[in-house]
$ cat input.tsv   # TSV, C-alpha atoms
chain	number	residue	atom	x	y	z
A	936	MET	CA	8.20	-50.51	10.65
A	937	PRO	CA	11.52	-48.78	11.57
A	938	LYS	CA	11.59	-47.19	8.09
A	939	LEU	CA	8.01	-45.97	8.57
A	940	MET	CA	8.87	-44.39	11.94
A	941	LYS	CA	11.93	-42.68	10.44
A	942	PHE	CA	9.83	-41.34	7.57
A	943	SER	CA	7.17	-40.00	9.97
A	944	ARG	CA	9.84	-38.16	12.01
A	945	LEU	CA	11.15	-36.60	8.81
A	946	LEU	CA	7.66	-35.40	7.90
A	947	SER	CA	7.25	-33.82	11.34
A	948	VAL	CA	10.47	-31.81	10.87
A	949	LEU	CA	9.57	-30.49	7.39
A	950	PRO	CA	7.20	-27.73	8.66
A	951	LEU	CA	9.99	-26.42	10.90
A	952	LEU	CA	12.33	-26.25	7.92
A	953	PHE	CA	9.78	-24.25	5.95
A	954	LEU	CA	9.27	-21.86	8.87
A	955	ALA	CA	13.02	-21.43	9.26
A	956	GLY	CA	13.18	-20.08	5.71
A	957	CYS	CA	10.38	-17.57	6.26
A	958	ASN	CA	11.06	-13.89	6.83
A	959	MET	CA	9.35	-13.20	10.16
A	960	VAL	CA	10.13	-9.47	10.20
A	961	VAL	CA	6.45	-8.56	10.68
A	962	MET	CA	6.40	-10.54	13.92
A	963	ALA	CA	9.87	-9.36	15.00
A	964	PRO	CA	10.04	-5.68	13.95
A	965	SER	CA	12.58	-3.05	14.94
A	966	GLY	CA	10.33	0.02	15.10
A	967	ASP	CA	7.83	0.92	17.82
A	968	ILE	CA	4.87	1.42	15.46
A	969	ALA	CA	5.48	-1.96	13.79
A	970	ALA	CA	5.85	-3.53	17.25
A	971	GLN	CA	2.47	-2.18	18.33
A	972	GLN	CA	0.95	-3.51	15.12
A	973	ARG	CA	2.54	-6.89	15.84
A	974	ASP	CA	1.00	-6.85	19.33
A	975	LEU	CA	-2.39	-6.08	17.79
A	976	ILE	CA	-2.08	-9.15	15.54
A	977	VAL	CA	-1.15	-11.35	18.51
A	978	ILE	CA	-3.96	-10.03	20.74
A	979	SER	CA	-6.57	-10.46	18.01
A	980	THR	CA	-5.38	-13.98	17.22
A	981	VAL	CA	-5.42	-15.06	20.87
A	982	LEU	CA	-8.91	-13.66	21.41
A	983	MET	CA	-10.22	-15.53	18.38
A	984	LEU	CA	-8.49	-18.75	19.42
A	985	LEU	CA	-10.42	-18.62	22.70
A	986	ILE	CA	-13.43	-19.68	20.63
A	987	ILE	CA	-11.79	-21.58	17.80
A	988	VAL	CA	-9.78	-24.02	19.94
A	989	PRO	CA	-12.67	-25.11	22.22
A	990	VAL	CA	-15.01	-25.47	19.22
A	991	ILE	CA	-12.53	-27.70	17.37
A	992	PHE	CA	-11.89	-29.75	20.54
A	993	LEU	CA	-15.59	-30.19	21.33
A	994	THR	CA	-16.37	-31.09	17.71
A	995	LEU	CA	-13.87	-33.95	17.86
A	996	LEU	CA	-15.01	-34.92	21.37
A	997	PHE	CA	-18.71	-35.10	20.41
A	998	ALA	CA	-17.93	-37.03	17.24
A	999	TRP	CA	-16.03	-39.59	19.30
A	1000	ARG	CA	-18.31	-39.77	22.34
A	1001	TYR	CA	-21.59	-39.97	20.43
A	1002	ARG	CA	-20.45	-42.30	17.69
A	1003	ARG	CA	-22.88	-44.99	16.67
A	1004	SER	CA	-20.90	-47.83	18.26
A	1005	ASN	CA	-20.84	-46.18	21.73
A	1006	THR	CA	-24.01	-47.56	23.28
A	1007	ALA	CA	-23.05	-46.18	26.72
A	1008	ALA	CA	-23.51	-42.54	25.58
A	1009	THR	CA	-26.68	-40.76	26.67
A	1010	TYR	CA	-29.38	-40.86	24.00
A	1011	ALA	CA	-31.95	-38.04	24.31
A	1012	PRO	CA	-33.72	-37.49	20.97
A	1013	GLU	CA	-36.36	-35.23	22.57
A	1014	TRP	CA	-33.82	-32.79	24.12
A	1015	HIS	CA	-34.11	-29.28	22.71
A	1016	HIS	CA	-33.01	-26.62	25.22
A	1017	SER	CA	-30.53	-25.81	27.98
A	1018	THR	CA	-30.41	-22.32	29.51
A	1019	ARG	CA	-26.91	-22.78	30.87
A	1020	LEU	CA	-25.64	-24.03	27.50
A	1021	GLU	CA	-27.29	-21.09	25.68
A	1022	ILE	CA	-25.63	-18.62	28.08
A	1023	VAL	CA	-22.20	-20.15	27.39
A	1024	ILE	CA	-22.76	-20.28	23.62
A	1025	TRP	CA	-23.80	-16.62	23.35
A	1026	ALA	CA	-21.89	-14.98	26.24
A	1027	ALA	CA	-18.42	-16.13	25.22
A	1028	PRO	CA	-18.55	-14.83	21.61
A	1029	LEU	CA	-20.21	-11.61	22.81
A	1030	ALA	CA	-17.41	-10.99	25.32
A	1031	ILE	CA	-14.78	-11.62	22.63
A	1032	ILE	CA	-16.52	-9.27	20.17
A	1033	ILE	CA	-16.62	-6.54	22.84
A	1034	ALA	CA	-12.93	-7.06	23.60
A	1035	LEU	CA	-11.99	-7.00	19.89
A	1036	GLY	CA	-14.11	-3.88	19.40
A	1037	ALA	CA	-12.35	-2.10	22.25
A	1038	VAL	CA	-8.91	-3.09	20.97
A	1039	THR	CA	-9.83	-2.00	17.44
A	1040	TRP	CA	-11.19	1.37	18.60
A	1041	ILE	CA	-8.12	2.17	20.69
A	1042	SER	CA	-5.61	0.96	18.07
A	1043	THR	CA	-7.36	2.76	15.21
A	1044	HIS	CA	-6.74	6.09	16.91
A	1045	LYS	CA	-3.43	5.31	18.56
A	1046	LEU	CA	-1.84	3.88	15.40
A	1047	ASP	CA	-3.28	6.45	12.99
A	1048	PRO	CA	-0.38	7.05	10.54
A	1049	TYR	CA	-1.21	10.79	10.49
A	1050	ARG	CA	-0.90	11.04	14.29
A	1051	PRO	CA	2.46	12.40	15.52
A	1052	LEU	CA	4.40	10.06	17.78
A	1053	ASP	CA	4.20	10.46	21.54
A	1054	ARG	CA	6.87	7.92	22.48
A	1055	LEU	CA	10.06	6.25	21.25
A	1056	ASP	CA	9.02	2.84	22.57
A	1057	ALA	CA	6.97	1.34	25.36
A	1058	GLU	CA	9.40	2.54	28.04
A	1059	ARG	CA	10.61	5.90	26.70
A	1060	ALA	CA	8.81	9.12	25.87
A	1061	ILE	CA	10.10	11.50	23.21
A	1062	PRO	CA	12.49	14.07	24.74
A	1063	ALA	CA	11.12	17.61	24.66
A	1064	ASP	CA	13.99	18.96	22.53
A	1065	THR	CA	13.75	16.24	19.85
A	1066	LYS	CA	13.23	17.50	16.29
A	1067	PRO	CA	11.68	14.94	13.92
A	1068	LEU	CA	13.38	14.05	10.63
A	1069	THR	CA	11.23	14.95	7.60
A	1070	VAL	CA	11.45	12.69	4.54
A	1071	GLU	CA	9.47	13.34	1.35
A	1072	VAL	CA	8.80	10.13	-0.58
A	1073	VAL	CA	7.96	9.92	-4.29
A	1074	ALA	CA	6.98	6.62	-5.93
A	1075	LEU	CA	8.27	6.66	-9.51
A	1076	ASP	CA	8.08	4.03	-12.28
A	1077	TRP	CA	9.74	1.86	-10.95
A	1078	LYS	CA	11.95	3.25	-8.22
A	1079	TRP	CA	11.74	5.33	-5.06
A	1080	LEU	CA	12.89	8.94	-4.71
A	1081	PHE	CA	13.54	10.33	-1.22
A	1082	PHE	CA	13.94	14.03	-0.41
A	1083	TYR	CA	15.50	15.29	2.81
A	1084	PRO	CA	14.30	18.92	2.67
A	1085	GLU	CA	16.01	20.00	5.87
A	1086	LEU	CA	19.35	18.57	4.69
A	1087	GLY	CA	19.01	19.62	1.05
A	1088	ILE	CA	19.78	16.13	-0.31
A	1089	ALA	CA	17.90	13.37	-2.14
A	1090	THR	CA	18.45	9.69	-2.89
A	1091	VAL	CA	17.07	6.98	-5.15
A	1092	ASN	CA	16.36	3.50	-3.76
A	1093	GLU	CA	18.15	4.14	-0.46
A	1094	LEU	CA	16.80	5.57	2.78
A	1095	ALA	CA	18.47	6.21	6.12
A	1096	ALA	CA	17.46	7.59	9.51
A	1097	PRO	CA	18.96	7.85	12.98
A	1098	VAL	CA	17.87	5.37	15.63
A	1099	ASP	CA	15.33	6.71	18.14
A	1100	MET	CA	14.52	9.79	16.06
A	1101	PRO	CA	10.88	10.33	14.99
A	1102	ILE	CA	10.47	10.33	11.20
A	1103	ASN	CA	7.73	12.31	9.46
A	1104	PHE	CA	7.10	10.83	6.01
A	1105	LYS	CA	5.24	12.77	3.32
A	1106	ILE	CA	4.33	10.40	0.51
A	1107	THR	CA	3.12	10.88	-3.07
A	1108	ALA	CA	3.55	9.31	-6.53
A	1109	SER	CA	4.36	10.52	-10.03
A	1110	SER	CA	1.88	8.36	-11.99
A	1111	VAL	CA	0.06	5.19	-10.84
A	1112	MET	CA	-0.68	4.26	-7.23
A	1113	ASN	CA	1.95	2.40	-5.20
A	1114	SER	CA	2.27	1.42	-1.55
A	1115	PHE	CA	5.23	2.48	0.64
A	1116	TYR	CA	6.13	-0.35	3.01
A	1117	ILE	CA	9.02	-1.05	5.38
A	1118	PRO	CA	7.82	-4.05	7.45
A	1119	ALA	CA	10.39	-3.53	10.21
A	1120	LEU	CA	9.37	0.13	10.64
A	1121	ALA	CA	5.59	0.48	10.25
A	1122	GLY	CA	2.59	-0.56	8.16
A	1123	GLN	CA	2.14	0.20	4.48
A	1124	ILE	CA	0.85	3.57	3.28
A	1125	TYR	CA	-0.45	4.27	-0.23
A	1126	ALA	CA	1.43	6.63	-2.54
A	1127	MET	CA	-0.97	8.31	-4.99
A	1128	PRO	CA	-0.42	10.93	-7.70
A	1129	GLY	CA	-1.73	14.38	-6.90
A	1130	MET	CA	-2.23	13.41	-3.23
A	1131	GLU	CA	-0.05	13.41	-0.14
A	1132	THR	CA	-0.32	10.76	2.54
A	1133	LYS	CA	1.59	10.78	5.80
A	1134	LEU	CA	3.32	8.34	8.11
A	1135	HIS	CA	4.95	8.90	11.50
A	1136	ALA	CA	7.37	6.22	12.65
A	1137	VAL	CA	10.62	5.55	14.51
A	1138	ILE	CA	13.31	2.88	14.17
A	1139	ASN	CA	14.69	1.57	17.49
A	1140	LYS	CA	17.47	-0.76	16.37
A	1141	GLU	CA	20.44	-0.30	14.07
A	1142	GLY	CA	20.41	-2.43	10.95
A	1143	GLU	CA	19.63	-2.70	7.26
A	1144	TYR	CA	15.99	-3.30	6.43
A	1145	GLU	CA	14.01	-4.06	3.30
A	1146	GLY	CA	11.55	-1.59	1.81
A	1147	PHE	CA	9.34	-2.10	-1.23
A	1148	SER	CA	6.07	-1.33	-2.96
A	1149	ALA	CA	3.21	-3.52	-1.75
A	1150	ASN	CA	0.80	-2.50	-4.54
A	1151	TYR	CA	1.16	-3.79	-8.11
A	1152	SER	CA	1.99	-0.89	-10.42
A	1153	GLY	CA	3.21	-2.31	-13.71
A	1154	ALA	CA	6.05	-4.16	-15.42
A	1155	GLY	CA	8.86	-3.12	-13.04
A	1156	PHE	CA	6.90	-3.61	-9.83
A	1157	SER	CA	8.86	-6.70	-8.69
A	1158	HIS	CA	12.12	-4.73	-8.58
A	1159	MET	CA	10.70	-1.63	-6.91
A	1160	ARG	CA	12.73	-2.18	-3.74
A	1161	PHE	CA	15.07	-0.13	-1.58
A	1162	LYS	CA	17.24	-0.42	1.53
A	1163	PHE	CA	16.42	1.38	4.75
A	1164	HIS	CA	19.39	1.93	7.08
A	1165	GLY	CA	18.84	2.46	10.79
A	1166	LEU	CA	22.01	4.23	11.97
A	1167	ASN	CA	23.35	5.79	15.11
A	1168	ARG	CA	23.81	9.57	15.07
A	1169	GLU	CA	27.45	9.40	13.96
A	1170	GLY	CA	26.63	6.85	11.27
A	1171	PHE	CA	23.79	8.97	9.93
A	1172	ASP	CA	25.98	12.08	9.78
A	1173	ALA	CA	28.58	10.07	7.87
A	1174	TRP	CA	25.89	8.84	5.46
A	1175	VAL	CA	24.70	12.40	4.82
A	1176	ALA	CA	28.29	13.50	4.20
A	1177	LYS	CA	28.72	10.66	1.69
A	1178	VAL	CA	25.57	11.69	-0.17
A	1179	LYS	CA	26.76	15.29	-0.38
A	1180	GLN	CA	30.23	14.23	-1.51
A	1181	GLN	CA	29.18	11.69	-4.15
A	1182	GLY	CA	25.90	13.23	-5.25
A	1183	THR	CA	24.96	15.41	-8.21
A	1184	MET	CA	22.31	18.11	-8.63
A	1185	LEU	CA	18.63	17.12	-8.94
A	1186	ASN	CA	17.00	19.91	-10.92
A	1187	ARG	CA	13.87	19.79	-13.07
A	1188	ASP	CA	15.69	18.42	-16.12
A	1189	ALA	CA	17.39	15.67	-14.12
A	1190	TYR	CA	14.09	14.76	-12.47
A	1191	LEU	CA	12.21	14.52	-15.79
A	1192	LYS	CA	14.82	12.04	-17.03
A	1193	LEU	CA	14.61	10.08	-13.77
A	1194	GLU	CA	10.81	10.06	-13.89
A	1195	LYS	CA	10.65	8.02	-17.10
A	1196	PRO	CA	9.75	4.36	-16.53
A	1197	SER	CA	12.81	2.20	-15.84
A	1198	GLU	CA	13.58	-1.01	-13.96
A	1199	LYS	CA	16.30	-2.13	-11.54
A	1200	GLU	CA	17.59	1.38	-10.99
A	1201	PRO	CA	20.84	1.56	-8.96
A	1202	VAL	CA	21.19	3.69	-5.85
A	1203	ARG	CA	21.73	7.35	-6.70
A	1204	TYR	CA	22.74	10.32	-4.58
A	1205	TYR	CA	21.88	13.99	-5.09
A	1206	ALA	CA	23.86	16.58	-3.16
A	1207	GLY	CA	21.31	19.28	-3.91
A	1208	THR	CA	17.75	19.67	-5.21
A	1209	ASP	CA	15.48	22.42	-6.46
A	1210	ALA	CA	13.72	23.83	-3.42
A	1211	ASP	CA	10.19	23.45	-4.82
A	1212	LEU	CA	10.67	20.20	-6.75
A	1213	TYR	CA	8.71	17.96	-4.36
A	1214	THR	CA	5.83	20.45	-4.29
A	1215	ALA	CA	5.82	20.50	-8.11
A	1216	ILE	CA	5.76	16.68	-8.23
A	1217	LEU	CA	2.90	16.60	-5.73
A	1218	ASN	CA	0.91	19.09	-7.81
A	1219	LEU	CA	1.71	17.28	-11.11
A	1220	CYS	CA	3.49	20.28	-12.63
A	1221	ALA	CA	7.15	19.26	-12.67
A	1222	THR	CA	6.92	19.19	-16.47
A	1223	PRO	CA	7.31	22.70	-17.96
A	1224	GLY	CA	4.05	24.17	-19.24
A	1225	LYS	CA	1.79	22.19	-16.88
A	1226	MET	CA	-0.55	23.95	-14.48
A	1227	CYS	CA	-0.16	22.96	-10.84
A	1228	MET	CA	-3.14	21.33	-9.16
A	1229	ASN	CA	-3.08	23.82	-6.30
A	1230	GLU	CA	-3.34	26.65	-8.86
A	1231	MET	CA	-6.32	24.99	-10.50
A	1232	MET	CA	-7.97	24.41	-7.12
A	1233	HIS	CA	-7.49	28.09	-6.30
A	1234	ILE	CA	-9.19	29.05	-9.58
A	1235	ASP	CA	-12.08	26.71	-8.74
A	1236	MET	CA	-12.32	28.14	-5.23
A	1237	MET	CA	-12.63	31.64	-6.69
A	1238	GLY	CA	-15.55	30.54	-8.86
A	1239	GLY	CA	-13.78	29.41	-12.02
A	1240	GLY	CA	-11.88	31.18	-14.76
A	1241	GLY	CA	-14.66	31.80	-17.27
A	1242	LYS	CA	-14.29	31.23	-21.00
A	1243	GLU	CA	-10.59	32.01	-20.92
A	1244	SER	CA	-10.07	28.88	-18.79
A	1245	THR	CA	-10.29	26.78	-21.97
A	1246	GLU	CA	-6.64	27.73	-22.48
A	1247	ASN	CA	-5.82	25.65	-19.42
A	1248	ARG	CA	-7.03	22.37	-20.92
A	1249	GLU	CA	-3.70	21.25	-22.34
A	1250	LYS	CA	-1.91	22.41	-19.19
A	1251	LEU	CA	-4.01	19.98	-17.15
A	1252	GLN	CA	-3.38	16.83	-19.22
A	1253	TYR	CA	-0.89	14.70	-17.32
A	1254	ASP	CA	-1.15	11.10	-18.55
A	1255	ASN	CA	0.38	11.93	-21.95
A	1256	ARG	CA	3.23	14.13	-20.70
A	1257	HIS	CA	5.85	11.83	-22.26
A	1258	ALA	CA	3.82	10.77	-25.31
A	1259	GLY	CA	5.92	12.92	-27.63
A	1260	GLU	CA	9.01	10.99	-26.55
A	1261	GLY	CA	7.45	7.60	-27.30
A	1262	VAL	CA	6.98	6.76	-23.60
A	1263	VAL	CA	3.56	5.43	-22.58
A	1264	GLN	CA	2.65	5.98	-18.93
A	1265	PRO	CA	1.57	2.83	-17.08
A	1266	GLY	CA	-2.19	2.54	-17.09
A	1267	ALA	CA	-2.66	5.32	-19.67
A	1268	THR	CA	-5.18	4.40	-22.39
A	1269	VAL	CA	-7.44	6.10	-24.90
A	1270	PRO	CA	-7.62	9.06	-25.34
A	1271	ALA	CA	-4.39	9.98	-23.56
A	1272	THR	CA	-2.17	7.75	-25.70
A	1273	GLY	CA	-4.27	7.03	-28.78
A	1274	VAL	CA	-3.70	3.31	-28.17
A	1275	PRO	CA	-6.99	1.36	-28.35
A	1276	ALA	CA	-7.98	-1.08	-25.63
A	1277	LYS	CA	-6.68	-4.63	-26.05
A	1278	ALA	CA	-9.98	-6.30	-25.21
A	1279	GLU	CA	-11.60	-8.04	-28.18
A	1280	PRO	CA	-15.29	-7.42	-28.99
A	1281	PRO	CA	-17.76	-10.11	-27.84
A	1282	ARG	CA	-18.41	-12.87	-30.36
A	1283	ASN	CA	-21.33	-15.21	-30.89
A	1284	SER	CA	-21.25	-19.01	-31.22
A	1285	ASP	CA	-20.32	-18.73	-34.92
A	1286	GLY	CA	-17.22	-16.71	-34.07
A	1287	ASN	CA	-18.59	-13.49	-35.59
A	1288	ASP	CA	-18.51	-10.10	-33.93
A	1289	MET	CA	-21.77	-9.79	-31.98
A	1290	GLN	CA	-22.14	-6.07	-32.71
A	1291	HIS	CA	-22.71	-6.85	-36.42
A	1292	ASP	CA	-25.57	-9.23	-35.58
A	1293	MET	CA	-27.53	-6.64	-33.59
A	1294	PRO	CA	-29.59	-4.28	-35.79
A	1295	GLY	CA	-29.86	-0.61	-34.88
A	1296	MET	CA	-26.48	-0.57	-33.15
A	1297	ASP	CA	-23.31	1.09	-34.30
A	1298	MET	CA	-20.60	0.56	-31.66
A	1299	GLN	CA	-17.37	2.45	-32.05
A	1300	HIS	CA	-14.07	1.21	-30.64
A	1301	ASP	CA	-12.82	4.64	-29.65
A	1302	GLY	CA	-15.01	4.83	-26.57
A	1303	HIS	CA	-17.04	7.84	-27.76
A	1304	SER	CA	-20.37	6.24	-28.75
A	1305	MET	CA	-22.89	4.05	-27.00
A	1306	PRO	CA	-25.02	1.08	-28.11
A	1307	GLY	CA	-28.20	2.19	-29.87
A	1308	MET	CA	-26.70	5.52	-30.91
A	1309	SER	CA	-25.69	6.74	-34.35
A	1310	ASN	CA	-22.10	7.15	-35.49
A	1311	GLY	CA	-21.95	10.70	-34.18
A	1312	THR	CA	-23.35	12.59	-37.17
A	1313	ASP	CA	-26.51	13.72	-35.34
A	1314	PRO	CA	-26.21	17.05	-33.53
A	1315	ALA	CA	-26.12	17.02	-29.76
A	1316	PRO	CA	-29.20	18.10	-27.82
A	1317	ALA	CA	-29.39	21.84	-27.26
A	1318	GLN	CA	-28.90	21.51	-23.50
A	1319	LEU	CA	-25.61	19.63	-24.08
A	1320	ASN	CA	-24.29	21.93	-26.78
A	1321	ASN	CA	-21.83	24.28	-25.11
A	1322	ASN	CA	-21.83	26.56	-28.14
A	1323	ASN	CA	-25.48	27.57	-27.65
$ encode --input "input.tsv" --output "structure tokens"
Amino acid sequence: MPKLMKFSRLLSVLPLLFLAGCNMVVMAPSGDIAAQQRDLIVISTVLMLLIIVPVIFLTLLFAWRYRRSNTAATYAPEWHHSTRLEIVIWAAPLAIIIALGAVTWISTHKLDPYRPLDRLDAERAIPADTKPLTVEVVALDWKWLFFYPELGIATVNELAAPVDMPINFKITASSVMNSFYIPALAGQIYAMPGMETKLHAVINKEGEYEGFSANYSGAGFSHMRFKFHGLNREGFDAWVAKVKQQGTMLNRDAYLKLEKPSEKEPVRYYAGTDADLYTAILNLCATPGKMCMNEMMHIDMMGGGGKESTENREKLQYDNRHAGEGVVQPGATVPATGVPAKAEPPRNSDGNDMQHDMPGMDMQHDGHSMPGMSNGTDPAPAQLNNNN
């Protein structure tokens, strides 16, 4: 018996050991936006527990009280209705749903990542003369590139900001979609090619925090991490001076080399950048000879470019921009790379390709023909023939 008691005490301690090894940064953040999001999680959980806990307790209580061996319990097989009980059953969940709806409505607008900050924390408003720090974020394969346009510097896999200074993030990606996430600072925001998302946040405590991509994006995704430094004003100025002293120049050529897929990239500093480089990345035209998306959108807005716009076709192909160098972009397939899909054709019970057992069908593996169609020798209908 003593051994059994000792073993049971050990089992009761094990959950605490597991919790001690967990990273609880989401529930103990250092930025005001993340703190408000933490409070939202706590409020929602408590409101739901107001129903969950009593239901679990009453389930166990009824199972015990009305067990078969308890002959003293009231037995009423003809009972079917109680107005008071119905009021409790429906009123309590309704009140909780209304409360959750109100909290959700308020938080959805108050914590909108596109909404500029109106406070530093729960007790301090933003001083009138405060100028936010702008950071332009680019998700590359598989590393993070940060531009500081007002300071003229850029970094790879390292980010820093002064404590109690609002930060305006502008976020995009070079190829596939990623998710920019610093748990201690704010919630995750998607980084998508050809699009710009925004995030407004502030860090309230000095320290070194973890940042990473929270959206799977290919082979190097697991190592797509960076450090975010919350510094006092003097520390941030010293960090900027170090970047300018140790950094090199980030021009178009240097960026195109950096853009190629790579894993476990070390921290890099750039003391200067091309002024329009982030805009070119956002509009998918950092590669020479490519048309910028905003230029194409302007042409579309003006009604199109007519027949001469066919010359723009190659300028608007982005997924194969490194194909000539033997680099395949993540997620790029036929026809951008010429690499056929890896999926095997369906087979019947005999192990034979099903498409050969179905008469009147000629399926191609290049993705250009459909079941029941010929191999492409028939002319297209007149209404689909652009040459008519």
$ closest_residue --input "input.tsv" --among "A:Met1100, A:Glu1230, A:Glu1246, A:Tyr1083" --to "Lys1179 (chain A)" --atoms "all atoms listed in the file"
A:Tyr1083
$ residues_around --input "input.tsv" --residues "region 1192-1203 of chain A" --least-positions-apart "2" --cutoff "7 Å" --atoms "all atoms listed in the file" --output "list of chain:residue names"
A:Leu1075, A:Asp1076, A:Trp1077, A:Lys1078, A:Thr1090, A:Val1091, A:Asn1092, A:Glu1093, A:Gly1155, A:His1158, A:Asp1188, A:Ala1189, A:Tyr1190, A:Tyr1205
$ closest_atom_pairs --input "input.tsv" --of "region 1089-1189 of chain A" --to "region 1213-1220 of chain A" --cutoff "7 Å" --atoms "all atoms listed in the file" --output "JSON lines"
{"residue": "A:Thr1107", "atom": "CA", "partner": "A:Leu1217", "partner_atom": "CA", "distance": 6.3}
{"residue": "A:Ser1109", "atom": "CA", "partner": "A:Ile1216", "partner_atom": "CA", "distance": 6.6}
{"residue": "A:Pro1128", "atom": "CA", "partner": "A:Leu1217", "partner_atom": "CA", "distance": 6.9}
{"residue": "A:Gly1129", "atom": "CA", "partner": "A:Leu1217", "partner_atom": "CA", "distance": 5.3}
{"residue": "A:Met1130", "atom": "CA", "partner": "A:Leu1217", "partner_atom": "CA", "distance": 6.5}
$ write_last_selection --input "input.tsv" --atoms "C-alpha atoms" --output "PDB file, in the coordinates of the input"
ATOM      1  CA  THR A1107       3.120  10.880  -3.070  1.00  0.00           C
ATOM      2  CA  SER A1109       4.360  10.520 -10.030  1.00  0.00           C
ATOM      3  CA  PRO A1128      -0.420  10.930  -7.700  1.00  0.00           C
ATOM      4  CA  GLY A1129      -1.730  14.380  -6.900  1.00  0.00           C
ATOM      5  CA  MET A1130      -2.230  13.410  -3.230  1.00  0.00           C
TER       6      MET A1130
END
$ atom_distance --input "input.tsv" --atom1 "CA of Asp1172 (chain A)" --atom2 "CA of Val1098 (chain A)"
12.0 Å
$ atom_distance --input "input.tsv" --atom1 "CA of Ile991 (chain A)" --atom2 "CA of Met959 (chain A)"
27.2 Å
$ closest_residue --input "input.tsv" --among "A:Ala970, A:Met1112, A:Val1023, A:Leu1251" --to "Gly1224 (chain A)" --atoms "only C-alpha atoms"
A:Leu1251
$ residues_around --input "input.tsv" --residues "Pro1051 (chain A)" --least-positions-apart "5" --cutoff "10 Å" --atoms "only C-alpha atoms" --output "PyMOL selection string"
chain A and resi 1045-1046+1067+1101-1103+1133-1136
$ atom_distance --input "input.tsv" --atom1 "CA of Val1137 (chain A)" --atom2 "CA of Val1175 (chain A)"
18.4 Å
$ closest_residue --input "input.tsv" --among "A:Thr1009, A:Asn1167, A:Gln1180, A:Asn1186" --to "Asp1099 (chain A)" --atoms "all atoms listed in the file"
A:Asn1167
$ closest_residue --input "input.tsv" --among "A:Leu1185, A:Ile1022, A:Val990, A:Leu1120" --to "Ala1095 (chain A)" --atoms "all atoms listed in the file"
A:Leu1120
$ residues_around --input "input.tsv" --residues "Val1073 (chain A)" --least-positions-apart "5" --cutoff "8 Å" --atoms "all atoms listed in the file" --output "PyMOL selection string"
chain A and resi 1079-1081+1106-1109+1126
$ closest_residue --input "input.tsv" --among "A:Ala1154, A:Met1228, A:Ala1089, A:Ile1041" --to "Thr1208 (chain A)" --atoms "only C-alpha atoms"
A:Ala1089
$ closest_residue --input "input.tsv" --among "A:Glu1141, A:Ala1149, A:Glu1071, A:Ala1008" --to "Glu1169 (chain A)" --atoms "all atoms listed in the file"
A:Glu1141
$ closest_atom_pairs --input "input.tsv" --of "region 1026-1131 of chain A" --to "region 972-980 of chain A" --cutoff "8 Å" --atoms "all atoms listed in the file" --output "tab-separated table"
residue	atom	partner	partner_atom	distance
A:Leu1035	CA	A:Ser979	CA	6.7
A:Val1038	CA	A:Leu975	CA	7.8
A:Ser1042	CA	A:Leu975	CA	7.7
A:Leu1046	CA	A:Gln972	CA	7.9
A:Ala1121	CA	A:Gln972	CA	7.8
A:Gly1122	CA	A:Gln972	CA	7.7
$ write_last_selection --input "input.tsv" --atoms "C-alpha atoms" --output "compact mmCIF listing (two decimals), keeping the file's coordinate frame"
# COMPACT_ATOMS: atom_id res chain seq x y z
CA LEU A 1035 -11.99 -7.00 19.89
CA VAL A 1038 -8.91 -3.09 20.97
CA SER A 1042 -5.61 0.96 18.07
CA LEU A 1046 -1.84 3.88 15.40
CA ALA A 1121 5.59 0.48 10.25
CA GLY A 1122 2.59 -0.56 8.16
